[in-house]
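S.K.: run-v4.cif is reproduced below (mmCIF, C-alpha atoms (C1' of nucleotides)).
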```cif
data_work
#
loop_
_atom_site.group_PDB
_atom_site.id
_atom_site.type_symbol
_atom_site.label_atom_id
_atom_site.label_comp_id
_atom_site.auth_asym_id
_atom_site.auth_seq_id
_atom_site.Cartn_x
_atom_site.Cartn_y
_atom_site.Cartn_z
ATOM 1 C CA MET A 1 -24.630 17.227 -9.104
ATOM 2 C CA SER A 2 -23.714 13.758 -10.148
ATOM 3 C CA ASP A 3 -23.117 12.559 -13.665
ATOM 4 C CA PHE A 4 -26.136 10.370 -13.335
ATOM 5 C CA PHE A 5 -28.382 13.369 -13.094
ATOM 6 C CA HIS A 6 -26.769 14.944 -16.109
ATOM 7 C CA ARG A 7 -27.355 11.833 -18.133
ATOM 8 C CA VAL A 8 -30.935 11.765 -17.035
ATOM 9 C CA TYR A 9 -31.410 15.355 -18.060
ATOM 10 C CA ALA A 10 -29.707 14.700 -21.369
ATOM 11 C CA VAL A 11 -32.060 11.855 -22.147
ATOM 12 C CA VAL A 12 -35.156 13.730 -21.100
ATOM 13 C CA ARG A 13 -34.157 16.684 -23.208
ATOM 14 C CA ASN A 14 -33.973 14.327 -26.167
ATOM 15 C CA ILE A 15 -37.552 13.231 -25.779
ATOM 16 C CA PRO A 16 -39.325 14.447 -28.921
ATOM 17 C CA GLU A 17 -42.411 16.578 -28.752
ATOM 18 C CA GLY A 18 -45.613 14.640 -28.388
ATOM 19 C CA LYS A 19 -43.787 11.704 -26.866
ATOM 20 C CA VAL A 20 -43.454 10.498 -23.309
ATOM 21 C CA CYS A 21 -41.073 8.267 -21.443
ATOM 22 C CA SER A 22 -41.017 6.391 -18.178
ATOM 23 C CA TYR A 23 -38.580 6.707 -15.311
ATOM 24 C CA GLY A 24 -37.713 3.048 -15.512
ATOM 25 C CA ALA A 25 -36.966 3.194 -19.225
ATOM 26 C CA ILE A 26 -34.540 6.043 -18.667
ATOM 27 C CA ALA A 27 -32.942 4.305 -15.720
ATOM 28 C CA ARG A 28 -32.527 1.100 -17.651
ATOM 29 C CA PHE A 29 -31.120 3.003 -20.585
ATOM 30 C CA LEU A 30 -28.513 4.576 -18.354
ATOM 31 C CA GLY A 31 -27.439 1.230 -17.039
ATOM 32 C CA SER A 32 -28.937 1.304 -13.575
ATOM 33 C CA GLY A 33 -32.176 -0.509 -14.156
ATOM 34 C CA LYS A 34 -33.161 -0.195 -10.539
ATOM 35 C CA SER A 35 -32.548 3.487 -10.187
ATOM 36 C CA ALA A 36 -35.855 4.552 -11.633
ATOM 37 C CA ARG A 37 -36.490 6.243 -8.364
ATOM 38 C CA VAL A 38 -33.373 8.300 -8.724
ATOM 39 C CA VAL A 39 -34.534 9.403 -12.138
ATOM 40 C CA GLY A 40 -37.667 10.696 -10.503
ATOM 41 C CA TYR A 41 -35.610 12.441 -7.917
ATOM 42 C CA ALA A 42 -33.450 13.931 -10.625
ATOM 43 C CA MET A 43 -36.550 15.325 -12.228
ATOM 44 C CA ASN A 44 -37.474 16.940 -8.986
ATOM 45 C CA ALA A 45 -34.592 19.350 -9.474
ATOM 46 C CA SER A 46 -35.028 19.465 -13.236
ATOM 47 C CA HIS A 47 -37.809 21.983 -13.201
ATOM 48 C CA LEU A 48 -35.163 24.677 -12.911
ATOM 49 C CA LEU A 49 -33.522 23.459 -16.091
ATOM 50 C CA ASP A 50 -34.472 23.169 -19.735
ATOM 51 C CA VAL A 51 -35.823 19.736 -19.150
ATOM 52 C CA PRO A 52 -39.293 18.785 -20.332
ATOM 53 C CA ALA A 53 -40.194 16.982 -17.161
ATOM 54 C CA HIS A 54 -43.814 16.798 -18.187
ATOM 55 C CA ARG A 55 -42.891 14.208 -20.798
ATOM 56 C CA VAL A 56 -41.759 11.810 -18.132
ATOM 57 C CA VAL A 57 -44.427 9.723 -16.518
ATOM 58 C CA ASN A 58 -44.464 6.481 -14.626
ATOM 59 C CA ARG A 59 -44.721 3.095 -16.214
ATOM 60 C CA ASN A 60 -48.510 3.060 -16.084
ATOM 61 C CA GLY A 61 -48.683 6.319 -17.981
ATOM 62 C CA LEU A 62 -49.883 8.020 -14.839
ATOM 63 C CA LEU A 63 -48.865 11.625 -14.267
ATOM 64 C CA THR A 64 -47.443 11.000 -10.850
ATOM 65 C CA GLY A 65 -45.361 14.136 -10.891
ATOM 66 C CA LYS A 66 -48.115 16.533 -11.624
ATOM 67 C CA HIS A 67 -48.230 17.821 -8.115
ATOM 68 C CA HIS A 68 -44.779 19.292 -8.604
ATOM 69 C CA PHE A 69 -46.023 21.548 -11.337
ATOM 70 C CA ASP A 70 -47.834 24.784 -10.782
ATOM 71 C CA GLY A 71 -51.541 24.349 -10.428
ATOM 72 C CA ASN A 72 -53.153 20.984 -10.718
ATOM 73 C CA THR A 73 -53.454 20.429 -14.430
ATOM 74 C CA LEU A 74 -50.381 22.149 -15.812
ATOM 75 C CA MET A 75 -48.614 18.930 -16.657
ATOM 76 C CA GLN A 76 -51.717 17.519 -18.222
ATOM 77 C CA ASP A 77 -52.174 20.717 -20.141
ATOM 78 C CA LEU A 78 -48.628 20.664 -21.472
ATOM 79 C CA LEU A 79 -49.068 17.118 -22.679
ATOM 80 C CA ALA A 80 -52.396 17.936 -24.249
ATOM 81 C CA GLU A 81 -50.708 20.747 -26.140
ATOM 82 C CA GLU A 82 -48.386 18.207 -27.683
ATOM 83 C CA GLY A 83 -51.283 16.063 -28.789
ATOM 84 C CA ILE A 84 -51.247 13.592 -25.950
ATOM 85 C CA GLU A 85 -54.679 12.804 -24.605
ATOM 86 C CA VAL A 86 -54.740 12.680 -20.850
ATOM 87 C CA SER A 87 -57.691 11.854 -18.679
ATOM 88 C CA ASP A 88 -57.588 11.996 -14.916
ATOM 89 C CA ASN A 89 -53.787 12.034 -14.763
ATOM 90 C CA GLN A 90 -53.709 9.012 -17.029
ATOM 91 C CA ILE A 91 -52.367 8.969 -20.584
ATOM 92 C CA ILE A 92 -54.910 7.407 -22.891
ATOM 93 C CA ASP A 93 -52.726 5.840 -25.565
ATOM 94 C CA LEU A 94 -49.537 5.286 -23.694
ATOM 95 C CA GLN A 95 -47.951 2.841 -26.089
ATOM 96 C CA LYS A 96 -48.822 5.147 -28.952
ATOM 97 C CA HIS A 97 -46.953 8.057 -27.421
ATOM 98 C CA PHE A 98 -44.331 6.080 -25.576
ATOM 99 C CA TRP A 99 -40.762 6.818 -26.543
ATOM 100 C CA ASP A 100 -38.081 4.391 -25.528
ATOM 101 C CA PRO A 101 -34.629 6.015 -25.383
ATOM 102 C CA SER A 102 -32.895 2.754 -26.148
ATOM 103 C CA ASP A 103 -34.701 2.674 -29.480
ATOM 104 C CA PHE A 104 -33.495 6.090 -30.576
ATOM 105 C CA LEU A 105 -30.435 6.956 -28.543
ATOM 106 C CA ASN A 106 -27.105 5.277 -28.180
ATOM 107 C CA PRO A 107 -25.778 4.839 -24.634
ATOM 108 C CA SER A 108 -22.255 5.538 -25.812
ATOM 109 C CA ASP A 109 -23.364 8.996 -26.838
ATOM 110 C CA PHE A 110 -24.005 9.781 -23.220
ATOM 111 C CA GLU A 111 -20.624 8.880 -21.865
ATOM 112 C CA PHE A 112 -19.331 12.251 -22.924
ATOM 113 C CA VAL A 113 -22.392 14.333 -22.346
ATOM 114 C CA THR A 114 -21.593 17.863 -21.335
ATOM 115 C CA PRO A 115 -22.574 18.328 -17.731
ATOM 116 C CA TYR A 116 -25.198 20.957 -17.266
ATOM 117 C CA ILE A 117 -24.559 23.227 -14.324
ATOM 118 C CA PRO A 118 -27.772 24.824 -13.144
ATOM 119 C CA GLN A 119 -27.612 28.441 -12.106
ATOM 120 C CA ASP A 120 -30.381 28.437 -9.559
ATOM 121 C CA ARG A 121 -28.704 25.685 -7.713
ATOM 122 C CA LYS A 122 -26.706 26.027 -4.575
ATOM 123 C CA THR A 123 -23.021 25.224 -4.727
ATOM 124 C "C1'" DG B 1 -22.451 11.387 9.882
ATOM 125 C "C1'" DG B 2 -26.370 8.023 10.312
ATOM 126 C "C1'" DA B 3 -31.308 7.602 9.193
ATOM 127 C "C1'" DT B 4 -35.286 8.663 6.436
ATOM 128 C "C1'" DT B 5 -37.495 9.754 2.296
ATOM 129 C "C1'" DG B 6 -38.658 10.427 -2.563
ATOM 130 C "C1'" DA B 7 -42.001 12.307 -9.713
ATOM 131 C "C1'" DC B 8 -40.322 4.332 -9.367
ATOM 132 C "C1'" DC B 9 -39.689 -0.529 -10.834
ATOM 133 C "C1'" DT B 10 -38.945 -5.475 -10.493
ATOM 134 C "C1'" DA B 11 -38.885 -9.779 -8.274
ATOM 135 C "C1'" DA B 12 -40.443 -12.799 -4.854
ATOM 136 C "C1'" DT B 13 -44.219 -14.469 -1.769
ATOM 137 C "C1'" DA C 1 -53.616 -12.050 -9.089
ATOM 138 C "C1'" DA C 2 -52.418 -9.064 -5.269
ATOM 139 C "C1'" DT C 3 -49.304 -7.605 -1.655
ATOM 140 C "C1'" DT C 4 -44.465 -6.999 0.356
ATOM 141 C "C1'" DA C 5 -39.722 -6.253 0.201
ATOM 142 C "C1'" DG C 6 -35.656 -4.539 -1.794
ATOM 143 C "C1'" DG C 7 -32.729 -1.495 -4.470
ATOM 144 C "C1'" DC C 8 -30.999 2.475 -6.736
ATOM 145 C "C1'" DC C 9 -28.579 7.985 -5.835
ATOM 146 C "C1'" DA C 10 -29.098 12.235 -3.820
ATOM 147 C "C1'" DA C 11 -30.974 15.387 -0.606
ATOM 148 C "C1'" DT C 12 -32.960 16.582 3.808
ATOM 149 C "C1'" DC C 13 -33.449 16.065 8.955
#
```
Can you present the structure in this file as structure tokens?

M.R.:
Amino acid sequence: MSDFFHRVYAVVRNIPEGKVCSYGAIARFLGSGKSARVVGYAMNASHLLDVPAHRVVNRNGLLTGKHHFDGNTLMQDLLAEEGIEVSDNQIIDLQKHFWDPSDFLNPSDFEFVTPYIPQDRKT
DNA sequence: GGATTGACCTAAT
DNA sequence: AATTAGGCCAATC
């Protein structure tokens, strides 16, 4: 696992309940503004960890990663439980629930983030 | 070990 | 305004 992934996980874990974030926002916050895709990839493996991956959506507020959850509406259901209205994989009030890490977190706090070593992961 | 592919985003046509 | 191309890091083939 790279440090980049750990930073991504750290940020995602800091997303408050009832809030969502976009891949790009996280990527930009971490310094690599163009690695939004990598953030998504990081999330792919995050389902084994204590990472609320359901709070990460794409820039349009679309639940692009819902397929990777069990069932078809699990992600939507999780968000709805936190008070986020979702309709047809689309968050209704995105800007209302949007949480920008750069507004609440300090990048320097993530330079010494403790790497999280997943157990269900191959060596 | 090279090539392809992702839960994406931005910039240039 | 809509489509295409490029880039990022890691994993899979």

S.K.: Output the contact residues of chain A with respect to chain C at a cut-off of 10 Å, based on only C-alpha atoms (C1' of nucleotides), as a ChimeraX atom specification.

M.R.: /A:1-2,4-5,27,32-39,41-42

S.K.: Quick one: apply the PyMOL selection byres ((chain A) within 12 of (chain B)) to the file and drop the selected residues here as a VMD selection string.

M.R.: chain A and resid 22 to 28 32 to 47 53 to 60 62 to 69 75

S.K.: Can those selected residues be exported to a file as a PDB file, in the coordinates of the input so that it contains C-alpha atoms?

M.R.:
```pdb
ATOM      1  CA  SER A  22     -41.017   6.391 -18.178  1.00  0.00           C
ATOM      2  CA  TYR A  23     -38.580   6.707 -15.311  1.00  0.00           C
ATOM      3  CA  GLY A  24     -37.713   3.048 -15.512  1.00  0.00           C
ATOM      4  CA  ALA A  25     -36.966   3.194 -19.225  1.00  0.00           C
ATOM      5  CA  ILE A  26     -34.540   6.043 -18.667  1.00  0.00           C
ATOM      6  CA  ALA A  27     -32.942   4.305 -15.720  1.00  0.00           C
ATOM      7  CA  ARG A  28     -32.527   1.100 -17.651  1.00  0.00           C
ATOM      8  CA  SER A  32     -28.937   1.304 -13.575  1.00  0.00           C
ATOM      9  CA  GLY A  33     -32.176  -0.509 -14.156  1.00  0.00           C
ATOM     10  CA  LYS A  34     -33.161  -0.195 -10.539  1.00  0.00           C
ATOM     11  CA  SER A  35     -32.548   3.487 -10.187  1.00  0.00           C
ATOM     12  CA  ALA A  36     -35.855   4.552 -11.633  1.00  0.00           C
ATOM     13  CA  ARG A  37     -36.490   6.243  -8.364  1.00  0.00           C
ATOM     14  CA  VAL A  38     -33.373   8.300  -8.724  1.00  0.00           C
ATOM     15  CA  VAL A  39     -34.534   9.403 -12.138  1.00  0.00           C
ATOM     16  CA  GLY A  40     -37.667  10.696 -10.503  1.00  0.00           C
ATOM     17  CA  TYR A  41     -35.610  12.441  -7.917  1.00  0.00           C
ATOM     18  CA  ALA A  42     -33.450  13.931 -10.625  1.00  0.00           C
ATOM     19  CA  MET A  43     -36.550  15.325 -12.228  1.00  0.00           C
ATOM     20  CA  ASN A  44     -37.474  16.940  -8.986  1.00  0.00           C
ATOM     21  CA  ALA A  45     -34.592  19.350  -9.474  1.00  0.00           C
ATOM     22  CA  SER A  46     -35.028  19.465 -13.236  1.00  0.00           C
ATOM     23  CA  HIS A  47     -37.809  21.983 -13.201  1.00  0.00           C
ATOM     24  CA  ALA A  53     -40.194  16.982 -17.161  1.00  0.00           C
ATOM     25  CA  HIS A  54     -43.814  16.798 -18.187  1.00  0.00           C
ATOM     26  CA  ARG A  55     -42.891  14.208 -20.798  1.00  0.00           C
ATOM     27  CA  VAL A  56     -41.759  11.810 -18.132  1.00  0.00           C
ATOM     28  CA  VAL A  57     -44.427   9.723 -16.518  1.00  0.00           C
ATOM     29  CA  ASN A  58     -44.464   6.481 -14.626  1.00  0.00           C
ATOM     30  CA  ARG A  59     -44.721   3.095 -16.214  1.00  0.00           C
ATOM     31  CA  ASN A  60     -48.510   3.060 -16.084  1.00  0.00           C
ATOM     32  CA  LEU A  62     -49.883   8.020 -14.839  1.00  0.00           C
ATOM     33  CA  LEU A  63     -48.865  11.625 -14.267  1.00  0.00           C
ATOM     34  CA  THR A  64     -47.443  11.000 -10.850  1.00  0.00           C
ATOM     35  CA  GLY A  65     -45.361  14.136 -10.891  1.00  0.00           C
ATOM     36  CA  LYS A  66     -48.115  16.533 -11.624  1.00  0.00           C
ATOM     37  CA  HIS A  67     -48.230  17.821  -8.115  1.00  0.00           C
ATOM     38  CA  HIS A  68     -44.779  19.292  -8.604  1.00  0.00           C
ATOM     39  CA  PHE A  69     -46.023  21.548 -11.337  1.00  0.00           C
ATOM     40  CA  MET A  75     -48.614  18.930 -16.657  1.00  0.00           C
TER      41      MET A  75
END
```

S.K.: What gap, in Å, lies between CA of Gly61 (chain A) and CA of Phe110 (chain A)?

M.R.: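 So the two atoms, CA of Gly61 (chain A) and CA of Phe110 (chain A), lie 25.5 Å apart.
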
S.K.: Pick out the residues sitting within 9 Å of Asn14 (chain A), and hand them over as a PyMOL selection string; count all atoms listed in the file, and ignore anything fewer than 4 positions along from it in its own chain.

M.R.: chain A and resi 9-10+101+105

S.K.: Report the residues retrieved by the PyMOL selection byres ((chain A and resi 80) around 12) from the displayed file, expressed as a VMD selection string.

M.R.: chain A and resid 17 to 20 54 to 55 73 to 79 81 to 87 89 to 92 97

S.K.: Can region 67-96 of chain A be brought up to N, CA and C atoms and written out as a short mmCIF file (atom, residue, chain, number, x, y, z; two decimals), keeping the file's coordinate frame?

M.R.:
```cif
data_model
loop_
_atom_site.label_atom_id
_atom_site.label_comp_id
_atom_site.auth_asym_id
_atom_site.auth_seq_id
_atom_site.Cartn_x
_atom_site.Cartn_y
_atom_site.Cartn_z
N HIS A 67 -48.15 16.98 -9.29
CA HIS A 67 -48.23 17.82 -8.12
C HIS A 67 -47.09 18.84 -8.04
N HIS A 68 -45.97 18.44 -8.66
CA HIS A 68 -44.78 19.29 -8.60
C HIS A 68 -44.80 20.41 -9.63
N PHE A 69 -45.86 20.45 -10.39
CA PHE A 69 -46.02 21.55 -11.34
C PHE A 69 -46.96 22.57 -10.72
N ASP A 70 -46.94 23.75 -11.29
CA ASP A 70 -47.83 24.78 -10.78
C ASP A 70 -49.27 24.39 -11.10
N GLY A 71 -50.14 24.68 -10.20
CA GLY A 71 -51.54 24.35 -10.43
C GLY A 71 -51.77 22.86 -10.33
N ASN A 72 -52.92 22.42 -10.79
CA ASN A 72 -53.15 20.98 -10.72
C ASN A 72 -53.12 20.31 -12.07
N THR A 73 -53.37 21.09 -13.12
CA THR A 73 -53.45 20.43 -14.43
C THR A 73 -52.44 20.98 -15.43
N LEU A 74 -51.39 21.59 -14.91
CA LEU A 74 -50.38 22.15 -15.81
C LEU A 74 -49.70 21.07 -16.63
N MET A 75 -49.29 20.02 -15.96
CA MET A 75 -48.61 18.93 -16.66
C MET A 75 -49.52 18.31 -17.70
N GLN A 76 -50.74 18.09 -17.31
CA GLN A 76 -51.72 17.52 -18.22
C GLN A 76 -51.94 18.45 -19.41
N ASP A 77 -51.94 19.73 -19.11
CA ASP A 77 -52.17 20.72 -20.14
C ASP A 77 -51.02 20.74 -21.14
N LEU A 78 -49.81 20.66 -20.61
CA LEU A 78 -48.63 20.66 -21.47
C LEU A 78 -48.65 19.46 -22.41
N LEU A 79 -49.01 18.33 -21.86
CA LEU A 79 -49.07 17.12 -22.68
C LEU A 79 -50.17 17.23 -23.73
N ALA A 80 -51.27 17.78 -23.32
CA ALA A 80 -52.40 17.94 -24.25
C ALA A 80 -52.00 18.85 -25.40
N GLU A 81 -51.16 19.83 -25.10
CA GLU A 81 -50.71 20.75 -26.14
C GLU A 81 -49.85 20.05 -27.18
N GLU A 82 -49.23 18.96 -26.76
CA GLU A 82 -48.39 18.21 -27.68
C GLU A 82 -49.16 17.09 -28.37
N GLY A 83 -50.44 17.05 -28.11
CA GLY A 83 -51.28 16.06 -28.79
C GLY A 83 -51.45 14.77 -28.03
N ILE A 84 -51.09 14.81 -26.75
CA ILE A 84 -51.25 13.59 -25.95
C ILE A 84 -52.52 13.70 -25.12
N GLU A 85 -53.41 12.77 -25.32
CA GLU A 85 -54.68 12.80 -24.60
C GLU A 85 -54.49 12.26 -23.20
N VAL A 86 -54.88 13.08 -22.25
CA VAL A 86 -54.74 12.68 -20.85
C VAL A 86 -56.08 12.82 -20.15
N SER A 87 -56.44 11.81 -19.41
CA SER A 87 -57.69 11.85 -18.68
C SER A 87 -57.46 11.41 -17.24
N ASP A 88 -57.76 12.30 -16.33
CA ASP A 88 -57.59 12.00 -14.92
C ASP A 88 -56.18 11.50 -14.61
N ASN A 89 -55.20 12.32 -15.01
CA ASN A 89 -53.79 12.03 -14.76
C ASN A 89 -53.30 10.76 -15.43
N GLN A 90 -54.07 10.26 -16.37
CA GLN A 90 -53.71 9.01 -17.03
C GLN A 90 -53.64 9.23 -18.53
N ILE A 91 -52.50 8.85 -19.14
CA ILE A 91 -52.37 8.97 -20.58
C ILE A 91 -53.21 7.89 -21.27
N ILE A 92 -54.00 8.34 -22.24
CA ILE A 92 -54.91 7.41 -22.89
C ILE A 92 -54.15 6.35 -23.69
N ASP A 93 -53.48 6.79 -24.75
CA ASP A 93 -52.73 5.84 -25.56
C ASP A 93 -51.25 5.90 -25.22
N LEU A 94 -50.91 5.22 -24.16
CA LEU A 94 -49.54 5.29 -23.69
C LEU A 94 -48.58 4.69 -24.71
N GLN A 95 -48.87 3.51 -25.17
CA GLN A 95 -47.95 2.84 -26.09
C GLN A 95 -47.84 3.60 -27.40
N LYS A 96 -48.86 4.37 -27.72
CA LYS A 96 -48.82 5.15 -28.95
C LYS A 96 -47.85 6.31 -28.82
#
```
